[in-house]
file protein.txt (compact mmCIF, C-alpha atoms)
# COMPACT_ATOMS: atom_id res chain seq x y z
CA MET M 1 15.34 9.04 -33.81
CA SER M 2 11.68 8.60 -33.13
CA SER M 3 10.55 7.98 -29.58
CA ILE M 4 9.31 4.49 -30.48
CA LEU M 5 12.75 3.45 -31.67
CA GLY M 6 14.36 5.06 -28.62
CA ALA M 7 12.05 3.15 -26.31
CA THR M 8 12.66 -0.05 -28.28
CA PHE M 9 16.41 0.34 -27.97
CA ARG M 10 16.16 0.87 -24.21
CA ARG M 11 13.94 -2.17 -23.88
CA GLU M 12 16.15 -4.43 -25.97
CA TRP M 13 19.15 -3.22 -23.97
CA GLN M 14 17.42 -4.06 -20.67
CA LEU M 15 16.36 -7.46 -21.96
CA ALA M 16 19.86 -8.25 -23.15
CA TRP M 17 21.26 -7.46 -19.69
CA ARG M 18 18.66 -9.63 -18.01
CA ASN M 19 19.35 -12.52 -20.42
CA LEU M 20 23.10 -12.17 -20.09
CA ALA M 21 23.56 -15.96 -20.17
CA ASP M 22 22.59 -15.86 -23.86
CA ALA M 23 25.48 -13.53 -24.56
CA VAL M 24 27.99 -15.61 -22.61
CA ASN M 25 27.33 -18.78 -24.65
CA PRO M 26 28.92 -17.75 -27.96
CA VAL M 27 32.04 -16.28 -26.41
CA ALA M 28 32.43 -19.32 -24.14
CA PHE M 29 32.11 -21.58 -27.20
CA PHE M 30 34.72 -19.51 -29.04
CA LEU M 31 37.14 -19.72 -26.10
CA MET M 32 36.66 -23.47 -25.68
CA VAL M 33 37.19 -24.32 -29.34
CA ILE M 34 40.36 -22.26 -29.54
CA ALA M 35 41.62 -23.64 -26.23
CA LEU M 36 41.15 -27.18 -27.53
CA VAL M 37 42.95 -26.65 -30.85
CA PRO M 38 46.52 -26.78 -29.47
CA LEU M 39 45.57 -29.87 -27.50
CA GLY M 40 44.47 -31.61 -30.67
CA ILE M 41 47.08 -30.28 -33.10
CA GLY M 42 50.11 -30.08 -30.83
CA THR M 43 52.05 -27.08 -29.64
CA ASP M 44 54.30 -26.53 -32.64
CA ARG M 45 54.16 -22.75 -32.92
CA GLN M 46 54.69 -22.61 -36.65
CA GLN M 47 52.00 -25.14 -37.33
CA LEU M 48 49.55 -23.30 -35.07
CA ALA M 49 50.37 -19.94 -36.61
CA ALA M 50 49.74 -21.38 -40.08
CA ILE M 51 46.22 -22.55 -39.28
CA ALA M 52 45.34 -19.78 -36.79
CA PRO M 53 43.53 -17.40 -39.22
CA GLY M 54 41.26 -20.11 -40.56
CA ILE M 55 40.55 -21.74 -37.19
CA LEU M 56 39.83 -18.41 -35.49
CA TRP M 57 37.44 -17.37 -38.23
CA VAL M 58 35.61 -20.69 -38.43
CA ALA M 59 35.20 -20.79 -34.65
CA ALA M 60 33.95 -17.19 -34.53
CA LEU M 61 31.50 -17.92 -37.36
CA LEU M 62 30.06 -20.96 -35.61
CA ALA M 63 29.87 -19.07 -32.31
CA SER M 64 27.92 -16.35 -34.06
CA LEU M 65 25.59 -18.93 -35.58
CA LEU M 66 25.00 -20.43 -32.14
CA SER M 67 23.42 -17.29 -30.75
CA VAL M 68 21.41 -16.05 -33.71
CA ASP M 69 18.69 -18.68 -33.31
CA MET M 70 17.34 -16.86 -30.23
CA LEU M 71 17.09 -13.49 -31.95
CA PHE M 72 13.34 -13.56 -32.58
CA ARG M 73 12.38 -16.73 -30.70
CA ARG M 74 11.14 -15.10 -27.50
CA ASP M 75 9.30 -12.35 -29.37
CA PHE M 76 7.55 -14.99 -31.42
CA ASP M 77 6.64 -17.13 -28.41
CA ASP M 78 5.20 -14.34 -26.26
CA GLY M 79 3.33 -12.56 -29.06
CA THR M 80 5.51 -9.44 -29.12
CA LEU M 81 6.36 -10.11 -32.75
CA GLU M 82 2.75 -9.51 -33.79
CA GLN M 83 2.80 -6.22 -31.94
CA TYR M 84 5.98 -5.25 -33.82
CA LEU M 85 4.30 -6.03 -37.13
CA LEU M 86 1.36 -3.82 -36.16
CA LEU M 87 3.45 -0.75 -35.36
CA PRO M 88 2.98 1.42 -38.42
CA GLY M 89 6.20 1.78 -40.39
CA GLN M 90 8.54 0.88 -37.53
CA LEU M 91 9.45 -2.69 -38.40
CA TYR M 92 12.63 -1.94 -40.33
CA GLY M 93 13.98 0.18 -37.48
CA ILE M 94 12.99 -2.32 -34.82
CA ILE M 95 14.71 -5.19 -36.63
CA TRP M 96 17.79 -3.03 -37.13
CA LEU M 97 17.91 -2.20 -33.41
CA LYS M 98 17.31 -5.79 -32.35
CA VAL M 99 20.19 -7.01 -34.50
CA LEU M 100 22.38 -4.14 -33.30
CA VAL M 101 21.79 -5.01 -29.63
CA HIS M 102 22.26 -8.68 -30.42
CA TRP M 103 25.60 -7.88 -32.07
CA LEU M 104 26.71 -5.73 -29.12
CA PHE M 105 26.08 -8.62 -26.74
CA ALA M 106 26.86 -11.70 -28.86
CA GLY M 107 29.15 -10.43 -31.64
CA LEU M 108 31.28 -7.74 -30.05
CA PRO M 109 32.61 -9.98 -27.24
CA LEU M 110 33.91 -12.38 -29.91
CA VAL M 111 35.73 -9.49 -31.55
CA LEU M 112 37.19 -8.27 -28.27
CA VAL M 113 38.59 -11.63 -27.12
CA SER M 114 39.98 -12.52 -30.56
CA PRO M 115 43.45 -10.91 -30.08
CA LEU M 116 43.90 -12.96 -26.92
CA LEU M 117 42.90 -16.13 -28.74
CA GLY M 118 45.24 -15.13 -31.57
CA LEU M 119 48.03 -15.06 -29.00
CA MET M 120 47.06 -18.57 -27.86
CA LEU M 121 47.46 -19.81 -31.44
CA SER M 122 50.74 -17.93 -31.96
CA LEU M 123 49.23 -15.62 -34.53
CA PRO M 124 51.93 -13.01 -35.35
CA ALA M 125 51.45 -9.78 -33.38
CA ASP M 126 51.06 -7.72 -36.58
CA ALA M 127 48.06 -9.78 -37.62
CA ARG M 128 46.13 -9.36 -34.38
CA PRO M 129 44.78 -5.85 -35.06
CA VAL M 130 43.72 -7.04 -38.52
CA LEU M 131 42.02 -10.08 -36.97
CA LEU M 132 40.15 -7.71 -34.63
CA LEU M 133 39.13 -5.38 -37.45
CA SER M 134 38.14 -8.14 -39.87
CA LEU M 135 36.02 -9.83 -37.18
CA ALA M 136 34.43 -6.51 -36.24
CA LEU M 137 33.33 -5.97 -39.85
CA GLY M 138 32.58 -9.63 -40.46
CA THR M 139 30.44 -10.34 -37.39
CA VAL M 140 28.16 -7.42 -38.31
CA SER M 141 27.41 -9.22 -41.59
CA LEU M 142 27.13 -12.57 -39.81
CA SER M 143 24.57 -11.21 -37.32
CA LEU M 144 22.48 -9.59 -40.03
CA VAL M 145 22.56 -12.59 -42.37
CA GLY M 146 21.88 -14.83 -39.37
CA ALA M 147 18.81 -12.71 -38.63
CA ILE M 148 17.44 -13.69 -42.04
CA GLY M 149 17.76 -17.36 -41.13
CA ALA M 150 16.29 -16.70 -37.70
CA SER M 151 13.26 -14.95 -39.19
CA LEU M 152 12.60 -17.83 -41.59
CA THR M 153 12.86 -20.53 -38.93
CA VAL M 154 11.30 -18.75 -35.95
CA SER M 155 7.94 -20.43 -36.37
CA LEU M 156 9.46 -23.93 -36.41
CA ARG M 157 9.79 -25.72 -33.11
CA ARG M 158 13.18 -27.20 -34.01
CA GLY M 159 14.76 -24.77 -36.41
CA GLY M 160 18.26 -25.29 -35.06
CA LEU M 161 19.76 -27.27 -37.92
CA LEU M 162 17.67 -25.68 -40.63
CA ILE M 163 18.96 -22.23 -39.74
CA ALA M 164 22.51 -23.52 -40.24
CA VAL M 165 21.62 -24.95 -43.65
CA ILE M 166 20.06 -21.64 -44.71
CA VAL M 167 22.69 -19.35 -43.31
CA LEU M 168 26.03 -21.14 -43.69
CA PRO M 169 26.23 -20.83 -47.50
CA LEU M 170 25.64 -17.10 -47.09
CA TYR M 171 28.39 -16.93 -44.46
CA ILE M 172 30.99 -18.37 -46.85
CA PRO M 173 32.03 -15.11 -48.61
CA VAL M 174 32.53 -13.42 -45.23
CA LEU M 175 34.62 -16.37 -44.05
CA ILE M 176 36.77 -16.40 -47.19
CA PHE M 177 37.58 -12.70 -47.08
CA GLY M 178 37.94 -12.61 -43.29
CA ALA M 179 40.31 -15.56 -43.05
CA SER M 180 42.25 -14.40 -46.08
CA ALA M 181 42.64 -10.90 -44.60
CA THR M 182 44.03 -12.34 -41.38
CA ALA M 183 46.33 -14.78 -43.19
CA GLN M 184 47.69 -12.04 -45.42
CA ALA M 185 48.31 -9.80 -42.42
CA ALA M 186 50.19 -12.68 -40.78
CA GLY M 187 52.37 -12.75 -43.90
CA GLY M 188 53.22 -9.08 -43.34
CA ILE M 189 51.06 -7.47 -46.05
CA PHE M 190 48.19 -5.16 -45.12
CA PRO M 191 45.01 -6.71 -46.60
CA ALA M 192 43.31 -3.51 -47.75
CA GLY M 193 41.28 -5.27 -50.44
CA GLN M 194 39.84 -7.95 -48.19
CA LEU M 195 38.95 -5.46 -45.48
CA ALA M 196 37.25 -3.26 -48.05
CA MET M 197 35.20 -6.24 -49.19
CA LEU M 198 34.24 -7.07 -45.60
CA GLY M 199 33.21 -3.45 -45.10
CA ALA M 200 31.15 -3.58 -48.27
CA PHE M 201 29.44 -6.79 -47.13
CA ALA M 202 28.64 -5.19 -43.78
CA LEU M 203 27.16 -2.07 -45.40
CA LEU M 204 25.13 -4.12 -47.83
CA ALA M 205 23.80 -6.30 -45.00
CA LEU M 206 23.04 -3.26 -42.81
CA GLY M 207 20.89 -1.80 -45.54
CA LEU M 208 19.23 -4.81 -47.10
CA ALA M 209 19.09 -7.65 -44.57
CA PRO M 210 16.34 -6.00 -42.44
CA LEU M 211 14.12 -5.91 -45.54
CA VAL M 212 14.47 -9.66 -46.00
CA VAL M 213 13.94 -10.20 -42.28
CA MET M 214 10.72 -8.15 -42.47
CA ALA M 215 9.37 -10.46 -45.16
CA GLY M 216 10.51 -13.53 -43.21
CA LEU M 217 8.80 -12.40 -40.02
CA ARG M 218 5.56 -11.67 -41.87
CA ILE M 219 5.55 -15.20 -43.22
CA ALA M 220 6.37 -16.62 -39.78
CA THR M 221 3.38 -14.96 -38.09
CA GLU M 222 0.93 -16.09 -40.79
CA GLY M 223 0.94 -19.72 -39.62
CA MET O 1 -13.11 11.69 -39.41
CA ASN O 2 -15.80 9.07 -39.48
CA HIS O 3 -14.32 5.63 -39.30
CA GLN O 4 -16.10 2.54 -40.43
CA LEU O 5 -15.09 -1.08 -40.74
CA GLN O 6 -16.74 -3.15 -43.45
CA LEU O 7 -16.31 -6.83 -44.20
CA HIS O 8 -17.40 -7.98 -47.65
CA GLY O 9 -17.82 -11.64 -48.51
CA LEU O 10 -15.00 -12.61 -46.22
CA ARG O 11 -14.02 -16.22 -46.64
CA CYS O 12 -11.21 -18.21 -45.18
CA PHE O 13 -10.00 -21.75 -45.66
CA ARG O 14 -7.54 -23.47 -43.41
CA SER O 15 -5.99 -26.83 -44.21
CA GLN O 16 -8.68 -27.42 -46.86
CA GLN O 17 -11.45 -26.76 -44.36
CA ARG O 18 -13.75 -23.83 -44.68
CA LEU O 19 -13.52 -21.79 -41.50
CA PHE O 20 -16.12 -19.27 -42.50
CA SER O 21 -17.52 -17.79 -45.67
CA GLY O 22 -19.73 -14.96 -46.76
CA ILE O 23 -19.20 -12.73 -43.77
CA ASP O 24 -20.68 -9.31 -44.49
CA LEU O 25 -20.92 -6.74 -41.81
CA THR O 26 -20.44 -3.08 -41.04
CA LEU O 27 -19.09 -1.78 -37.78
CA SER O 28 -19.76 1.88 -37.08
CA PRO O 29 -18.39 4.24 -34.42
CA GLY O 30 -19.61 3.40 -30.93
CA GLU O 31 -20.42 -0.22 -31.74
CA LEU O 32 -19.29 -3.33 -29.90
CA LEU O 33 -19.28 -6.59 -31.82
CA HIS O 34 -19.05 -9.89 -30.02
CA VAL O 35 -17.61 -12.62 -32.23
CA ALA O 36 -19.12 -15.86 -30.95
CA GLY O 37 -18.55 -19.44 -31.96
CA GLU O 38 -17.22 -22.69 -30.65
CA ASN O 39 -13.53 -23.54 -30.42
CA GLY O 40 -11.98 -23.75 -33.86
CA SER O 41 -14.72 -21.79 -35.59
CA GLY O 42 -12.28 -19.11 -36.75
CA LYS O 43 -12.80 -16.28 -34.26
CA THR O 44 -9.11 -15.68 -33.80
CA THR O 45 -8.45 -16.04 -37.52
CA LEU O 46 -11.12 -13.45 -38.28
CA LEU O 47 -9.53 -10.94 -35.91
CA ARG O 48 -6.09 -11.70 -37.31
CA ILE O 49 -7.33 -11.18 -40.87
CA ILE O 50 -8.64 -7.75 -39.95
CA ALA O 51 -5.38 -6.94 -38.17
CA GLY O 52 -3.46 -7.88 -41.33
CA LEU O 53 -1.66 -10.75 -39.62
CA HIS O 54 -3.32 -13.42 -41.73
CA ARG O 55 -3.44 -12.70 -45.43
CA ASP O 56 -4.71 -15.95 -46.85
CA TYR O 57 -8.36 -15.04 -47.36
CA SER O 58 -10.74 -13.90 -50.02
CA GLY O 59 -13.20 -11.06 -49.81
CA GLU O 60 -12.46 -7.57 -48.58
CA VAL O 61 -11.80 -5.80 -45.33
CA ARG O 62 -12.53 -2.11 -45.81
CA TRP O 63 -11.61 0.70 -43.49
CA CYS O 64 -13.29 4.05 -44.20
CA GLY O 65 -14.41 2.61 -47.53
CA THR O 66 -11.02 1.47 -48.86
CA ASP O 67 -9.52 -2.01 -48.86
CA VAL O 68 -7.08 -2.21 -45.96
CA ARG O 69 -4.48 -3.90 -48.15
CA GLN O 70 -4.18 -0.59 -50.00
CA GLN O 71 -3.79 1.55 -46.90
CA TRP O 72 -1.09 -0.32 -45.06
CA PRO O 73 0.62 0.83 -42.82
CA GLY O 74 -1.78 3.74 -42.27
CA PHE O 75 -4.53 1.39 -41.12
CA ALA O 76 -2.21 0.00 -38.42
CA ARG O 77 -2.23 3.46 -36.83
CA ASP O 78 -5.98 3.13 -36.24
CA LEU O 79 -5.77 -0.38 -34.87
CA LEU O 80 -5.15 -2.00 -31.52
CA TYR O 81 -4.86 -5.79 -31.49
CA LEU O 82 -4.59 -7.78 -28.28
CA GLY O 83 -3.98 -11.41 -29.14
CA HIS O 84 -4.06 -14.67 -27.22
CA GLN O 85 -0.50 -14.29 -26.11
CA PRO O 86 0.16 -11.54 -23.60
CA ALA O 87 3.05 -9.94 -25.56
CA LEU O 88 4.73 -9.14 -22.26
CA LYS O 89 8.40 -9.63 -21.55
CA ALA O 90 8.77 -11.98 -18.58
CA GLN O 91 12.04 -10.41 -17.43
CA LEU O 92 10.67 -6.87 -17.43
CA SER O 93 8.36 -5.37 -14.83
CA ALA O 94 4.79 -4.31 -15.50
CA ARG O 95 5.91 -0.68 -15.55
CA GLU O 96 8.69 -1.37 -18.05
CA ASN O 97 6.43 -3.44 -20.28
CA LEU O 98 3.71 -0.82 -20.29
CA GLY O 99 6.25 1.97 -20.67
CA TRP O 100 7.22 0.62 -24.06
CA TYR O 101 3.61 0.30 -25.19
CA ALA O 102 2.93 3.82 -23.92
CA ALA O 103 5.88 5.14 -25.93
CA CYS O 104 4.51 3.36 -29.01
CA ALA O 105 1.05 4.85 -28.40
CA GLY O 106 2.49 8.30 -27.73
CA ALA O 107 1.17 8.26 -24.15
CA SER O 108 2.92 9.73 -21.12
CA VAL O 109 4.56 8.06 -18.13
CA GLU O 110 1.70 9.34 -15.93
CA ALA O 111 -0.72 7.47 -18.17
CA VAL O 112 1.12 4.25 -17.35
CA ASP O 113 0.86 4.95 -13.62
CA SER O 114 -2.84 5.66 -13.75
CA ALA O 115 -3.45 2.57 -15.92
CA LEU O 116 -1.58 0.41 -13.41
CA ALA O 117 -3.60 1.92 -10.58
CA ALA O 118 -6.90 1.44 -12.42
CA LEU O 119 -6.23 -2.26 -12.92
CA GLY O 120 -5.03 -2.72 -9.33
CA ILE O 121 -1.49 -3.85 -10.12
CA HIS O 122 0.25 -0.75 -8.80
CA ALA O 123 1.76 -2.59 -5.83
CA LYS O 124 3.31 -5.21 -8.13
CA ALA O 125 4.37 -2.78 -10.83
CA ASP O 126 8.10 -3.23 -10.32
CA LEU O 127 8.25 -7.01 -10.07
CA PRO O 128 9.37 -8.97 -13.11
CA CYS O 129 6.30 -10.27 -14.93
CA HIS O 130 7.29 -13.94 -14.59
CA GLN O 131 6.66 -13.60 -10.85
CA LEU O 132 3.04 -12.58 -11.44
CA SER O 133 0.06 -14.86 -11.90
CA ALA O 134 -1.65 -15.37 -15.26
CA GLY O 135 -4.52 -13.12 -14.15
CA GLN O 136 -2.17 -10.35 -13.07
CA GLN O 137 -0.32 -10.59 -16.37
CA ARG O 138 -3.63 -10.34 -18.22
CA ARG O 139 -4.42 -7.21 -16.20
CA ILE O 140 -1.16 -5.68 -17.37
CA VAL O 141 -2.12 -6.44 -20.97
CA LEU O 142 -5.53 -4.86 -20.45
CA ALA O 143 -3.95 -1.80 -18.84
CA ARG O 144 -2.84 -0.93 -22.38
CA LEU O 145 -6.48 -0.17 -23.18
CA MET O 146 -6.39 2.71 -20.70
CA PHE O 147 -4.03 4.80 -22.81
CA SER O 148 -4.86 3.47 -26.27
CA ARG O 149 -6.66 5.93 -28.53
CA GLN O 150 -6.84 3.87 -31.73
CA PRO O 151 -10.44 3.88 -33.02
CA LEU O 152 -10.61 0.13 -33.70
CA TRP O 153 -9.88 -2.39 -30.96
CA LEU O 154 -9.61 -6.09 -31.75
CA LEU O 155 -9.60 -8.05 -28.51
CA ASP O 156 -9.06 -11.80 -28.59
CA GLU O 157 -10.27 -13.37 -25.33
CA PRO O 158 -9.34 -10.31 -23.26
CA PHE O 159 -10.86 -11.66 -20.06
CA THR O 160 -9.01 -14.98 -19.87
CA ALA O 161 -7.86 -15.60 -16.27
CA ILE O 162 -9.34 -12.31 -15.09
CA ASP O 163 -11.33 -12.35 -11.83
CA VAL O 164 -14.53 -10.44 -11.16
CA LYS O 165 -12.69 -7.50 -9.62
CA GLY O 166 -10.57 -7.08 -12.73
CA PHE O 167 -13.65 -6.94 -14.94
CA ALA O 168 -15.17 -3.62 -13.88
CA PRO O 169 -12.35 -1.23 -14.81
CA VAL O 170 -11.98 -2.88 -18.22
CA VAL O 171 -15.69 -2.69 -18.95
CA ASP O 172 -15.60 0.99 -17.89
CA CYS O 173 -12.73 1.53 -20.24
CA LEU O 174 -14.60 -0.15 -23.11
CA ARG O 175 -17.65 2.01 -22.36
CA GLN O 176 -15.57 5.19 -22.53
CA HIS O 177 -13.95 4.02 -25.73
CA LEU O 178 -17.34 3.38 -27.34
CA ALA O 179 -18.60 6.76 -26.08
CA ARG O 180 -15.61 8.43 -27.78
CA GLY O 181 -16.79 6.88 -31.03
CA GLY O 182 -14.45 3.91 -30.89
CA MET O 183 -15.23 0.43 -32.16
CA VAL O 184 -14.58 -2.89 -30.47
CA MET O 185 -14.57 -6.36 -31.91
CA MET O 186 -13.97 -9.04 -29.32
CA THR O 187 -14.20 -12.74 -28.64
CA THR O 188 -14.88 -14.03 -25.18
CA HIS O 189 -16.05 -17.20 -23.51
CA HIS O 190 -17.28 -15.24 -20.53
CA GLY O 191 -20.93 -14.62 -21.21
CA MET O 192 -21.53 -11.19 -22.66
CA ASP O 193 -24.13 -10.72 -19.88
CA SER O 194 -21.33 -10.03 -17.44
CA ILE O 195 -20.17 -7.24 -19.74
CA ASP O 196 -23.02 -4.85 -19.36
CA LEU O 197 -22.67 -3.08 -22.70
CA PRO O 198 -24.96 -2.90 -25.73
CA HIS O 199 -23.54 -5.11 -28.43
CA ARG O 200 -24.20 -7.12 -31.56
CA THR O 201 -23.15 -10.70 -32.05
CA LEU O 202 -21.53 -12.34 -35.02
CA ALA O 203 -21.93 -16.10 -34.70
CA LEU O 204 -19.42 -18.22 -36.57
CA GLY O 205 -20.51 -21.75 -37.39
CA SER O 206 -18.53 -24.87 -36.75
CA PRO O 207 -15.78 -25.38 -39.31
CA SER O 208 -16.59 -26.79 -42.75
CA THR O 209 -20.34 -26.76 -42.23
CA ARG O 210 -22.15 -24.44 -44.57
CA SER O 211 -23.02 -21.55 -42.33
CA ALA O 212 -22.18 -17.95 -41.76
CA ALA O 213 -23.54 -15.10 -39.76
call {"tool": "encode", "arguments": {"input": "protein.txt", "output": "structure tokens"}}
result
Amino acid sequence: MSSILGATFRREWQLAWRNLADAVNPVAFFLMVIALVPLGIGTDRQQLAAIAPGILWVAALLASLLSVDMLFRRDFDDGTLEQYLLLPGQLYGIIWLKVLVHWLFAGLPLVLVSPLLGLMLSLPADARPVLLLSLALGTVSLSLVGAIGASLTVSLRRGGLLIAVIVLPLYIPVLIFGASATAQAAGGIFPAGQLAMLGAFALLALGLAPLVVMAGLRIATEG
Amino acid sequence: MNHQLQLHGLRCFRSQQRLFSGIDLTLSPGELLHVAGENGSGKTTLLRIIAGLHRDYSGEVRWCGTDVRQQWPGFARDLLYLGHQPALKAQLSARENLGWYAACAGASVEAVDSALAALGIHAKADLPCHQLSAGQQRRIVLARLMFSRQPLWLLDEPFTAIDVKGFAPVVDCLRQHLARGGMVMMTTHHGMDSIDLPHRTLALGSPSTRSAA
């Protein structure tokens, strides 16, 4: 690892700690939505268990979307983004690290609280590890795809809704395979195929999404 | 290696208005170029074009004789661009901010300390930047010059919010840079008289009037 990327990782890590409120928002949203579901639907365990995989995944997806808007916003506003673009050959690595740190602070907490929320919705115990694993793989893709939307909308003052319009269609495959994996696990069958697909999505996004983000950020700074 | 920056027939339009056209100039080692012009005459855009941050232009920017578009990202290695915005992180201290830039420039931790001392912000080096005044933040930005060894510096209004005391170390630093064979292209609304360095001036006309340097 080059010293520039090492220093960038340390800096992003420090910034994430000092902006901890940003990281609390998505997980608080996730908790609130799931806490409200039984109040709206009723406490029939079977009914809750039937909708739990879908509700958990939709809520996690929206929570992830909530945080991704800030990914490049501060860098754009304070001029750091231009300095990133001017570092010779480091942009891919910097974007990768920024998304990684973002995922550690905004995505990973969603994954870690998900078994607890599964319990709240009476998700069968066997399905909870699968929920955890599918969200772990899925949120990586969500963060990276979200970064594409963030890069395209960073130069707009109010990009909030536009980012959702750009990113949500791209989130759909992750949602389908993630919710289906959890539902199948709740039915007692190990969803090897769905998890493999989620893993493939994550790998594809890890490799390719930073390239798209690079192009998006270049366009954003041209304005 | 002998560096040289050449602009050939540089022309830029923005929202259907001509900002500037027909800019031809050569900047050689040890030269300071002051880009002058009223607000909106395209000074910042010119610097951003050279830095590769604005690509909607015609004409050529050549570095060591070759179009910079063909030597990206190598050209970025030879370039330092300080823009309008400070590019400092408000939650990080001066030392932490500069530490990152030093790591990017391949400079040591000691270099950061001496740069902080030279600009007189040593005592405030560990406070988060949002607690510092605009002038102090600008000093932190300019402290980057102390450990930057890129041959070409593009400085957009470097002296904004800087007081008289902050001037001298920066001018010294520019002088040393020029003596090393570096090049500087800068815009400033402080009169160039207060910067006691030999320089040339490129005057940009007001937008959409037919004029060029």
call {"tool": "interface_residues", "arguments": {"input": "protein.txt", "of": "chain O", "to": "chain M", "cutoff": "12 Å", "atoms": "all atoms listed in the file", "output": "VMD selection string"}}
result
chain O and resid 14 to 15 45 48 to 57 71 to 93 95 to 108 128 130 137 141 150
call {"tool": "atom_distance", "arguments": {"input": "protein.txt", "atom1": "atom CA of Ala202 of chain M", "atom2": "atom CA of Gly93 of chain M"}}
result
16.8 Å
call {"tool": "residues_around", "arguments": {"input": "protein.txt", "residues": "segment 121-134 of chain M", "least_positions_apart": "4", "cutoff": "9 Å", "atoms": "all atoms listed in the file", "output": "PDB file with C-alpha atoms, keeping the file's coordinate frame"}}
result
ATOM      1  CA  ILE M  34      40.360 -22.260 -29.540  1.00  0.00           C
ATOM      2  CA  ALA M  35      41.620 -23.640 -26.230  1.00  0.00           C
ATOM      3  CA  VAL M  37      42.950 -26.650 -30.850  1.00  0.00           C
ATOM      4  CA  PRO M  38      46.520 -26.780 -29.470  1.00  0.00           C
ATOM      5  CA  THR M  43      52.050 -27.080 -29.640  1.00  0.00           C
ATOM      6  CA  ARG M  45      54.160 -22.750 -32.920  1.00  0.00           C
ATOM      7  CA  GLN M  46      54.690 -22.610 -36.650  1.00  0.00           C
ATOM      8  CA  LEU M  48      49.550 -23.300 -35.070  1.00  0.00           C
ATOM      9  CA  ALA M  49      50.370 -19.940 -36.610  1.00  0.00           C
ATOM     10  CA  ALA M  50      49.740 -21.380 -40.080  1.00  0.00           C
ATOM     11  CA  ILE M  51      46.220 -22.550 -39.280  1.00  0.00           C
ATOM     12  CA  ALA M  52      45.340 -19.780 -36.790  1.00  0.00           C
ATOM     13  CA  PRO M  53      43.530 -17.400 -39.220  1.00  0.00           C
ATOM     14  CA  LEU M  56      39.830 -18.410 -35.490  1.00  0.00           C
ATOM     15  CA  TRP M  57      37.440 -17.370 -38.230  1.00  0.00           C
ATOM     16  CA  VAL M 111      35.730  -9.490 -31.550  1.00  0.00           C
ATOM     17  CA  LEU M 112      37.190  -8.270 -28.270  1.00  0.00           C
ATOM     18  CA  VAL M 113      38.590 -11.630 -27.120  1.00  0.00           C
ATOM     19  CA  SER M 114      39.980 -12.520 -30.560  1.00  0.00           C
ATOM     20  CA  PRO M 115      43.450 -10.910 -30.080  1.00  0.00           C
ATOM     21  CA  LEU M 116      43.900 -12.960 -26.920  1.00  0.00           C
ATOM     22  CA  LEU M 117      42.900 -16.130 -28.740  1.00  0.00           C
ATOM     23  CA  GLY M 138      32.580  -9.630 -40.460  1.00  0.00           C
ATOM     24  CA  THR M 139      30.440 -10.340 -37.390  1.00  0.00           C
ATOM     25  CA  PHE M 177      37.580 -12.700 -47.080  1.00  0.00           C
ATOM     26  CA  GLY M 178      37.940 -12.610 -43.290  1.00  0.00           C
ATOM     27  CA  ALA M 179      40.310 -15.560 -43.050  1.00  0.00           C
ATOM     28  CA  ALA M 181      42.640 -10.900 -44.600  1.00  0.00           C
ATOM     29  CA  THR M 182      44.030 -12.340 -41.380  1.00  0.00           C
ATOM     30  CA  ALA M 183      46.330 -14.780 -43.190  1.00  0.00           C
ATOM     31  CA  GLN M 184      47.690 -12.040 -45.420  1.00  0.00           C
ATOM     32  CA  ALA M 185      48.310  -9.800 -42.420  1.00  0.00           C
ATOM     33  CA  ALA M 186      50.190 -12.680 -40.780  1.00  0.00           C
ATOM     34  CA  GLY M 187      52.370 -12.750 -43.900  1.00  0.00           C
ATOM     35  CA  GLY M 188      53.220  -9.080 -43.340  1.00  0.00           C
ATOM     36  CA  PHE M 190      48.190  -5.160 -45.120  1.00  0.00           C
ATOM     37  CA  PRO M 191      45.010  -6.710 -46.600  1.00  0.00           C
ATOM     38  CA  GLN M 194      39.840  -7.950 -48.190  1.00  0.00           C
ATOM     39  CA  LEU M 195      38.950  -5.460 -45.480  1.00  0.00           C
ATOM     40  CA  LEU M 198      34.240  -7.070 -45.600  1.00  0.00           C
ATOM     41  CA  GLY M 199      33.210  -3.450 -45.100  1.00  0.00           C
TER      42      GLY M 199
END
call {"tool": "atom_distance", "arguments": {"input": "protein.txt", "atom1": "atom CA of Val58 of chain M", "atom2": "atom CA of Asp44 of chain M"}}
result
20.4 Å
call {"tool": "atom_distance", "arguments": {"input": "protein.txt", "atom1": "atom CA of Ala106 of chain M", "atom2": "atom CA of Ile148 of chain M"}}
result
16.3 Å
call {"tool": "axis_aligned_box", "arguments": {"input": "protein.txt", "around": "segment 113-131 of chain O", "padding_each_side": "8 Å", "output": "lines of an AutoDock Vina configuration file"}}
result
center_x = 1.2
center_y = -4.1
center_z = -10.9
size_x = 32.3
size_y = 35.6
size_z = 26.1
